[in-house]
>>> print(open('my_file27.pdb').read())   # PDB, C-alpha atoms
ATOM      1  CA  MET P 246       7.822  -3.132 -30.419
ATOM      2  CA  THR P 247       5.382  -5.852 -31.494
ATOM      3  CA  PHE P 248       6.102  -9.572 -31.401
ATOM      4  CA  ALA P 249       5.989  -9.727 -35.221
ATOM      5  CA  ALA P 250       8.633  -7.002 -35.425
ATOM      6  CA  LYS P 251      10.956  -9.030 -33.170
ATOM      7  CA  TYR P 252      10.412 -12.644 -34.260
ATOM      8  CA  GLU P 253       9.655 -14.657 -37.381
ATOM      9  CA  THR P 254       8.134 -18.063 -36.639
ATOM     10  CA  LEU P 255       9.700 -20.802 -38.751
ATOM     11  CA  GLU P 256       8.435 -24.205 -37.600
ATOM     12  CA  ALA P 257       5.625 -25.352 -35.289
ATOM     13  CA  VAL P 258       6.763 -27.651 -32.472
ATOM     14  CA  THR P 259       3.589 -28.013 -30.342
ATOM     15  CA  ARG P 260      -0.074 -27.075 -30.567
ATOM     16  CA  GLY P 261      -2.704 -26.835 -27.871
ATOM     17  CA  ALA P 262      -2.712 -24.687 -24.756
ATOM     18  CA  VAL P 263       0.895 -23.747 -25.512
ATOM     19  CA  GLU P 264       1.869 -23.229 -29.118
ATOM     20  CA  THR P 265       5.614 -23.572 -29.497
ATOM     21  CA  PHE P 266       7.685 -22.529 -32.503
ATOM     22  CA  VAL P 267      11.255 -22.468 -33.664
ATOM     23  CA  ALA P 268      11.663 -18.824 -34.597
ATOM     24  CA  ARG P 269      14.233 -16.352 -35.827
ATOM     25  CA  LYS P 270      15.058 -13.307 -33.750
ATOM     26  CA  ILE P 271      15.032 -10.662 -36.479
ATOM     27  CA  ALA P 272      17.574  -8.295 -34.873
ATOM     28  CA  THR P 273      20.303 -10.950 -34.531
ATOM     29  CA  ASP P 274      19.211 -13.734 -36.932
ATOM     30  CA  GLU P 275      19.486 -16.129 -33.934
ATOM     31  CA  ARG P 276      17.229 -19.210 -33.824
ATOM     32  CA  VAL P 277      15.159 -19.320 -30.641
ATOM     33  CA  LEU P 278      12.204 -21.216 -29.214
ATOM     34  CA  VAL P 279       8.997 -19.214 -28.714
ATOM     35  CA  TYR P 280       6.054 -20.326 -26.548
ATOM     36  CA  ILE P 281       2.703 -18.559 -27.027
ATOM     37  CA  PHE P 282      -0.201 -19.185 -24.640
ATOM     38  CA  GLU P 283      -3.314 -17.602 -23.184
ATOM     39  CA  CYS P 284      -2.894 -16.038 -19.769
ATOM     40  CA  LYS P 285      -5.335 -15.494 -16.936
ATOM     41  CA  GLU P 286      -6.340 -11.880 -16.378
ATOM     42  CA  GLN P 287      -3.366  -9.910 -15.104
ATOM     43  CA  PRO P 288      -3.850  -8.587 -11.566
ATOM     44  CA  LEU P 289      -3.125  -4.867 -11.312
ATOM     45  CA  ASN P 290      -0.454  -5.409  -8.635
ATOM     46  CA  LYS P 291       1.426  -8.195 -10.477
ATOM     47  CA  PRO P 292       4.400  -7.407 -12.750
ATOM     48  CA  THR P 293       3.984  -8.646 -16.330
ATOM     49  CA  VAL P 294       7.001 -10.981 -16.132
ATOM     50  CA  GLN P 295       5.623 -12.725 -13.036
ATOM     51  CA  TRP P 296       2.122 -12.928 -14.576
ATOM     52  CA  ILE P 297       3.506 -14.487 -17.777
ATOM     53  CA  LEU P 298       5.684 -17.039 -15.932
ATOM     54  CA  GLU P 299       2.861 -18.106 -13.596
ATOM     55  CA  SER P 300       0.452 -18.453 -16.518
ATOM     56  CA  PHE P 301       2.966 -20.595 -18.430
ATOM     57  CA  ARG P 302       3.698 -22.856 -15.445
ATOM     58  CA  ALA P 303      -0.039 -23.525 -15.065
ATOM     59  CA  LEU P 304      -0.070 -24.977 -18.609
ATOM     60  CA  ALA P 305       3.305 -26.588 -19.247
ATOM     61  CA  PRO P 306       6.493 -27.869 -17.636
ATOM     62  CA  ASP P 307       9.381 -25.441 -17.246
ATOM     63  CA  PRO P 308      11.077 -24.783 -20.590
ATOM     64  CA  PRO P 309      14.258 -26.745 -21.365
ATOM     65  CA  GLU P 310      16.364 -23.552 -21.517
ATOM     66  CA  SER P 311      16.480 -20.345 -19.467
ATOM     67  CA  VAL P 312      13.881 -17.731 -20.326
ATOM     68  CA  ALA P 313      15.472 -14.864 -22.254
ATOM     69  CA  GLU P 314      12.362 -12.728 -22.782
ATOM     70  CA  THR P 315       8.703 -12.550 -21.842
ATOM     71  CA  GLY P 316       5.941 -10.314 -23.067
ATOM     72  CA  ARG P 317       2.330  -9.796 -23.926
ATOM     73  CA  TYR P 318       1.433 -10.929 -27.443
ATOM     74  CA  ASP P 319       0.380  -7.602 -28.942
ATOM     75  CA  ALA P 320      -2.914  -6.305 -27.454
ATOM     76  CA  THR P 321      -4.351  -9.717 -26.506
ATOM     77  CA  SER P 322      -4.697 -11.935 -23.435
ATOM     78  CA  TYR P 323      -1.828 -14.058 -24.771
ATOM     79  CA  GLY P 324       1.700 -14.011 -23.463
ATOM     80  CA  TYR P 325       4.946 -15.374 -24.800
ATOM     81  CA  LEU P 326       8.258 -16.719 -23.565
ATOM     82  CA  VAL P 327      11.459 -16.888 -25.570
ATOM     83  CA  THR P 328      14.356 -19.240 -24.807
ATOM     84  CA  LYS P 329      17.525 -20.275 -26.560
ATOM     85  CA  LEU P 330      16.926 -23.152 -28.957
ATOM     86  CA  PRO P 331      17.658 -26.254 -26.843
ATOM     87  CA  GLU P 332      19.462 -29.399 -27.949
ATOM     88  CA  LYS P 333      17.200 -31.718 -29.930
ATOM     89  CA  SER P 334      17.024 -34.339 -27.145
ATOM     90  CA  ALA P 335      16.098 -31.718 -24.507
ATOM     91  CA  LEU P 336      13.395 -30.316 -26.780
ATOM     92  CA  GLN P 337      11.981 -33.801 -27.453
ATOM     93  CA  ALA P 338      11.880 -34.547 -23.709
ATOM     94  CA  TRP P 339      10.059 -31.259 -23.051
ATOM     95  CA  VAL P 340       7.533 -31.945 -25.850
ATOM     96  CA  GLN P 341       6.821 -35.424 -24.437
ATOM     97  CA  SER P 342       6.361 -34.006 -20.939
ATOM     98  CA  TYR P 343       4.103 -31.231 -22.270
ATOM     99  CA  GLN P 344       1.974 -33.679 -24.271
ATOM    100  CA  ALA P 345       1.603 -36.030 -21.292
ATOM    101  CA  ARG P 346       0.523 -33.100 -19.137
ATOM    102  CA  GLN P 347      -2.033 -32.006 -21.746
ATOM    103  CA  GLN P 348      -3.447 -35.529 -22.034
ATOM    104  CA  ALA P 349      -3.674 -35.830 -18.247
ATOM    105  CA  ALA P 350      -5.440 -32.468 -18.037
ATOM    106  CA  ALA P 351      -7.937 -33.660 -20.653
ATOM    107  CA  GLY P 352      -8.602 -36.800 -18.612
ATOM    108  CA  ALA P 353      -6.885 -39.189 -21.004
ATOM    109  CA  VAL P 354      -5.036 -42.159 -19.581
ATOM    110  CA  VAL P 355      -1.350 -41.884 -20.408
ATOM    111  CA  ARG P 356       0.137 -45.353 -20.949
ATOM    112  CA  PRO P 357       3.830 -45.592 -20.009
ATOM    113  CA  ALA P 358       6.120 -46.198 -22.977
ATOM    114  CA  ASN P 359       7.227 -49.577 -21.582
ATOM    115  CA  ALA P 360       3.682 -50.831 -20.840
ATOM    116  CA  PRO P 361       2.463 -53.845 -22.819
ATOM    117  CA  ALA P 362       0.044 -53.314 -25.689
ATOM    118  CA  THR P 363      -3.699 -53.265 -24.985
ATOM    119  CA  GLY P 364      -5.102 -56.703 -24.209
ATOM    120  CA  ALA P 365      -1.787 -58.046 -22.918
ATOM    121  CA  HIS P 366      -2.519 -57.240 -19.262
ATOM    122  CA  GLN P 367      -3.448 -60.049 -16.924
ATOM    123  CA  SER P 368      -5.722 -59.433 -14.000
ATOM    124  CA  ALA P 369      -4.506 -60.203 -10.482
ATOM    125  CA  LYS P 370      -6.922 -63.174 -10.371
ATOM    126  CA  GLU P 371      -5.450 -64.647 -13.583
ATOM    127  CA  VAL P 372      -1.889 -64.308 -12.262
ATOM    128  CA  ALA P 373      -2.774 -65.883  -8.903
ATOM    129  CA  ALA P 374      -4.555 -68.872 -10.531
TER     130      ALA P 374
END
>>> encode(input="my_file27.pdb", output="structure tokens")
Amino acid sequence: MTFAAKYETLEAVTRGAVETFVARKIATDERVLVYIFECKEQPLNKPTVQWILESFRALAPDPPESVAETGRYDATSYGYLVTKLPEKSALQAWVQSYQARQQAAAGAVVRPANAPATGAHQSAKEVAA
């Protein structure tokens, strides 16, 4: 059965290396969270579930809920994970962690949320003077 026959995507949550969506599981009408991402080439001796999980972990933090399903996205090099829809706060924390990881991977400097605004830093020499 194809991904499109199982799930209807409703709302985008993240973009980038991992595209995450709130979706509806068609068979049960349950709302779930779906993660779609490109996977490395699958080794012949590696089970699909293990290949999908390892590929996901190379791109993003562990999902905020237990994985309910994994699979290959139709006949592509993409895989997907499906989890229960987490609480809003857990989802927000995962999105923040994912975004920080993506920025770090791109070489961007991630400023902590409690850091002062740009230009407010004092050098060690200024503080010592």
>>> closest_residue(input="my_file27.pdb", among="P:Ala320, P:Ala313, P:Val340, P:Val294", to="Thr247 (chain P)", atoms="only C-alpha atoms")
P:Ala320
>>> atom_distance(input="my_file27.pdb", atom1="CA of Thr273 (chain P)", atom2="CA of Gln295 (chain P)")
26.1 Å
>>> closest_residue(input="my_file27.pdb", among="P:Ala250, P:Leu255, P:Ala351, P:Ala305", to="Val277 (chain P)", atoms="only C-alpha atoms")
P:Leu255
>>> residues_around(input="my_file27.pdb", residues="Glu264 (chain P)", least_positions_apart="3", cutoff="7 Å", atoms="all atoms listed in the file", output="PyMOL selection string")
chain P and resi 259-261+280-282
>>> atom_distance(input="my_file27.pdb", atom1="CA of Gln344 (chain P)", atom2="CA of Glu275 (chain P)")
26.6 Å
>>> closest_residue(input="my_file27.pdb", among="P:Leu298, P:Ala345, P:Ala303, P:Val258", to="Lys333 (chain P)", atoms="only C-alpha atoms")
P:Val258
>>> closest_residue(input="my_file27.pdb", among="P:Tyr343, P:Phe266, P:Tyr323, P:Tyr318", to="Ala249 (chain P)", atoms="all atoms listed in the file")
P:Tyr318
>>> atom_distance(input="my_file27.pdb", atom1="CA of Ser342 (chain P)", atom2="CA of Asp307 (chain P)")
9.8 Å
>>> closest_residue(input="my_file27.pdb", among="P:Ser300, P:Thr328, P:Thr254, P:Gln348", to="Val312 (chain P)", atoms="all atoms listed in the file")
P:Thr328
>>> residues_around(input="my_file27.pdb", residues="Pro331 (chain P)", least_positions_apart="5", cutoff="12 Å", atoms="all atoms listed in the file", output="ChimeraX atom specification")
/P:267,276-279,308-312,336-340
>>> build_atoms(input="my_file27.pdb", residues="region 274-285 of chain P", atoms="all heavy atoms", output="PDB file, keeping the file's coordinate frame")
ATOM      1  N   ASP P 274      19.297 -12.553 -36.065  1.00  0.00           N
ATOM      2  CA  ASP P 274      19.211 -13.734 -36.932  1.00  0.00           C
ATOM      3  C   ASP P 274      19.403 -15.036 -36.138  1.00  0.00           C
ATOM      4  O   ASP P 274      19.611 -16.090 -36.704  1.00  0.00           O
ATOM      5  CB  ASP P 274      20.221 -13.654 -38.084  1.00  0.00           C
ATOM      6  CG  ASP P 274      19.767 -14.476 -39.282  1.00  0.00           C
ATOM      7  OD1 ASP P 274      18.551 -14.512 -39.553  1.00  0.00           O
ATOM      8  OD2 ASP P 274      20.623 -15.105 -39.939  1.00  0.00           O
ATOM      9  N   GLU P 275      19.325 -14.960 -34.801  1.00  0.00           N
ATOM     10  CA  GLU P 275      19.486 -16.129 -33.934  1.00  0.00           C
ATOM     11  C   GLU P 275      18.207 -16.975 -33.947  1.00  0.00           C
ATOM     12  O   GLU P 275      17.097 -16.451 -33.956  1.00  0.00           O
ATOM     13  CB  GLU P 275      19.760 -15.639 -32.509  1.00  0.00           C
ATOM     14  CG  GLU P 275      19.829 -16.719 -31.468  1.00  0.00           C
ATOM     15  CD  GLU P 275      19.932 -16.152 -30.046  1.00  0.00           C
ATOM     16  OE1 GLU P 275      19.733 -14.947 -29.840  1.00  0.00           O
ATOM     17  OE2 GLU P 275      20.202 -16.959 -29.153  1.00  0.00           O
ATOM     18  N   ARG P 276      18.377 -18.304 -33.947  1.00  0.00           N
ATOM     19  CA  ARG P 276      17.229 -19.210 -33.824  1.00  0.00           C
ATOM     20  C   ARG P 276      16.904 -19.363 -32.349  1.00  0.00           C
ATOM     21  O   ARG P 276      17.807 -19.588 -31.530  1.00  0.00           O
ATOM     22  CB  ARG P 276      17.521 -20.566 -34.449  1.00  0.00           C
ATOM     23  CG  ARG P 276      17.504 -20.497 -35.948  1.00  0.00           C
ATOM     24  CD  ARG P 276      17.729 -21.871 -36.548  1.00  0.00           C
ATOM     25  NE  ARG P 276      17.486 -21.771 -37.968  1.00  0.00           N
ATOM     26  CZ  ARG P 276      16.460 -22.353 -38.584  1.00  0.00           C
ATOM     27  NH1 ARG P 276      15.643 -23.122 -37.931  1.00  0.00           N
ATOM     28  NH2 ARG P 276      16.282 -22.195 -39.873  1.00  0.00           N
ATOM     29  N   VAL P 277      15.625 -19.238 -32.020  1.00  0.00           N
ATOM     30  CA  VAL P 277      15.159 -19.320 -30.641  1.00  0.00           C
ATOM     31  C   VAL P 277      13.915 -20.197 -30.599  1.00  0.00           C
ATOM     32  O   VAL P 277      13.380 -20.595 -31.639  1.00  0.00           O
ATOM     33  CB  VAL P 277      14.834 -17.913 -30.076  1.00  0.00           C
ATOM     34  CG1 VAL P 277      16.084 -17.060 -29.977  1.00  0.00           C
ATOM     35  CG2 VAL P 277      13.763 -17.217 -30.912  1.00  0.00           C
ATOM     36  N   LEU P 278      13.451 -20.492 -29.397  1.00  0.00           N
ATOM     37  CA  LEU P 278      12.204 -21.216 -29.214  1.00  0.00           C
ATOM     38  C   LEU P 278      11.214 -20.248 -28.577  1.00  0.00           C
ATOM     39  O   LEU P 278      11.527 -19.595 -27.582  1.00  0.00           O
ATOM     40  CB  LEU P 278      12.427 -22.435 -28.314  1.00  0.00           C
ATOM     41  CG  LEU P 278      11.392 -23.534 -28.399  1.00  0.00           C
ATOM     42  CD1 LEU P 278      11.275 -24.103 -29.808  1.00  0.00           C
ATOM     43  CD2 LEU P 278      11.726 -24.649 -27.415  1.00  0.00           C
ATOM     44  N   VAL P 279      10.026 -20.136 -29.177  1.00  0.00           N
ATOM     45  CA  VAL P 279       8.997 -19.214 -28.714  1.00  0.00           C
ATOM     46  C   VAL P 279       7.786 -20.022 -28.269  1.00  0.00           C
ATOM     47  O   VAL P 279       7.359 -20.944 -28.968  1.00  0.00           O
ATOM     48  CB  VAL P 279       8.595 -18.238 -29.847  1.00  0.00           C
ATOM     49  CG1 VAL P 279       7.425 -17.375 -29.424  1.00  0.00           C
ATOM     50  CG2 VAL P 279       9.764 -17.381 -30.259  1.00  0.00           C
ATOM     51  N   TYR P 280       7.244 -19.683 -27.108  1.00  0.00           N
ATOM     52  CA  TYR P 280       6.054 -20.326 -26.548  1.00  0.00           C
ATOM     53  C   TYR P 280       4.965 -19.259 -26.457  1.00  0.00           C
ATOM     54  O   TYR P 280       5.180 -18.221 -25.827  1.00  0.00           O
ATOM     55  CB  TYR P 280       6.323 -20.843 -25.137  1.00  0.00           C
ATOM     56  CG  TYR P 280       7.572 -21.671 -24.991  1.00  0.00           C
ATOM     57  CD1 TYR P 280       8.832 -21.067 -24.905  1.00  0.00           C
ATOM     58  CD2 TYR P 280       7.513 -23.049 -24.907  1.00  0.00           C
ATOM     59  CE1 TYR P 280       9.981 -21.820 -24.742  1.00  0.00           C
ATOM     60  CE2 TYR P 280       8.663 -23.823 -24.752  1.00  0.00           C
ATOM     61  CZ  TYR P 280       9.887 -23.188 -24.667  1.00  0.00           C
ATOM     62  OH  TYR P 280      11.029 -23.935 -24.501  1.00  0.00           O
ATOM     63  N   ILE P 281       3.810 -19.511 -27.057  1.00  0.00           N
ATOM     64  CA  ILE P 281       2.703 -18.559 -27.027  1.00  0.00           C
ATOM     65  C   ILE P 281       1.516 -19.252 -26.366  1.00  0.00           C
ATOM     66  O   ILE P 281       1.183 -20.393 -26.708  1.00  0.00           O
ATOM     67  CB  ILE P 281       2.334 -18.092 -28.448  1.00  0.00           C
ATOM     68  CG1 ILE P 281       3.543 -17.420 -29.108  1.00  0.00           C
ATOM     69  CG2 ILE P 281       1.135 -17.137 -28.407  1.00  0.00           C
ATOM     70  CD1 ILE P 281       3.361 -17.090 -30.571  1.00  0.00           C
ATOM     71  N   PHE P 282       0.852 -18.566 -25.431  1.00  0.00           N
ATOM     72  CA  PHE P 282      -0.201 -19.185 -24.640  1.00  0.00           C
ATOM     73  C   PHE P 282      -1.121 -18.115 -24.076  1.00  0.00           C
ATOM     74  O   PHE P 282      -0.725 -16.959 -23.903  1.00  0.00           O
ATOM     75  CB  PHE P 282       0.404 -20.005 -23.500  1.00  0.00           C
ATOM     76  CG  PHE P 282       1.442 -19.230 -22.735  1.00  0.00           C
ATOM     77  CD1 PHE P 282       1.122 -18.536 -21.587  1.00  0.00           C
ATOM     78  CD2 PHE P 282       2.752 -19.174 -23.201  1.00  0.00           C
ATOM     79  CE1 PHE P 282       2.081 -17.799 -20.911  1.00  0.00           C
ATOM     80  CE2 PHE P 282       3.720 -18.454 -22.534  1.00  0.00           C
ATOM     81  CZ  PHE P 282       3.377 -17.755 -21.382  1.00  0.00           C
ATOM     82  N   GLU P 283      -2.361 -18.529 -23.775  1.00  0.00           N
ATOM     83  CA  GLU P 283      -3.314 -17.602 -23.184  1.00  0.00           C
ATOM     84  C   GLU P 283      -3.050 -17.499 -21.692  1.00  0.00           C
ATOM     85  O   GLU P 283      -2.779 -18.498 -21.021  1.00  0.00           O
ATOM     86  CB  GLU P 283      -4.749 -18.050 -23.439  1.00  0.00           C
ATOM     87  CG  GLU P 283      -5.757 -16.994 -23.046  1.00  0.00           C
ATOM     88  CD  GLU P 283      -7.131 -17.221 -23.608  1.00  0.00           C
ATOM     89  OE1 GLU P 283      -7.430 -18.340 -24.059  1.00  0.00           O
ATOM     90  OE2 GLU P 283      -7.922 -16.262 -23.589  1.00  0.00           O
ATOM     91  N   CYS P 284      -3.141 -16.290 -21.186  1.00  0.00           N
ATOM     92  CA  CYS P 284      -2.894 -16.038 -19.769  1.00  0.00           C
ATOM     93  C   CYS P 284      -4.195 -15.671 -19.069  1.00  0.00           C
ATOM     94  O   CYS P 284      -5.113 -15.135 -19.691  1.00  0.00           O
ATOM     95  CB  CYS P 284      -1.921 -14.872 -19.605  1.00  0.00           C
ATOM     96  SG  CYS P 284      -0.305 -15.162 -20.333  1.00  0.00           S
ATOM     97  N   LYS P 285      -4.223 -15.973 -17.756  1.00  0.00           N
ATOM     98  CA  LYS P 285      -5.335 -15.494 -16.936  1.00  0.00           C
ATOM     99  C   LYS P 285      -5.276 -13.968 -16.943  1.00  0.00           C
ATOM    100  O   LYS P 285      -4.282 -13.376 -17.348  1.00  0.00           O
ATOM    101  CB  LYS P 285      -5.196 -15.997 -15.506  1.00  0.00           C
ATOM    102  CG  LYS P 285      -5.092 -17.498 -15.351  1.00  0.00           C
ATOM    103  CD  LYS P 285      -4.804 -17.869 -13.920  1.00  0.00           C
ATOM    104  CE  LYS P 285      -3.362 -17.521 -13.591  1.00  0.00           C
ATOM    105  NZ  LYS P 285      -2.894 -17.980 -12.305  1.00  0.00           N
TER     106      LYS P 285
END
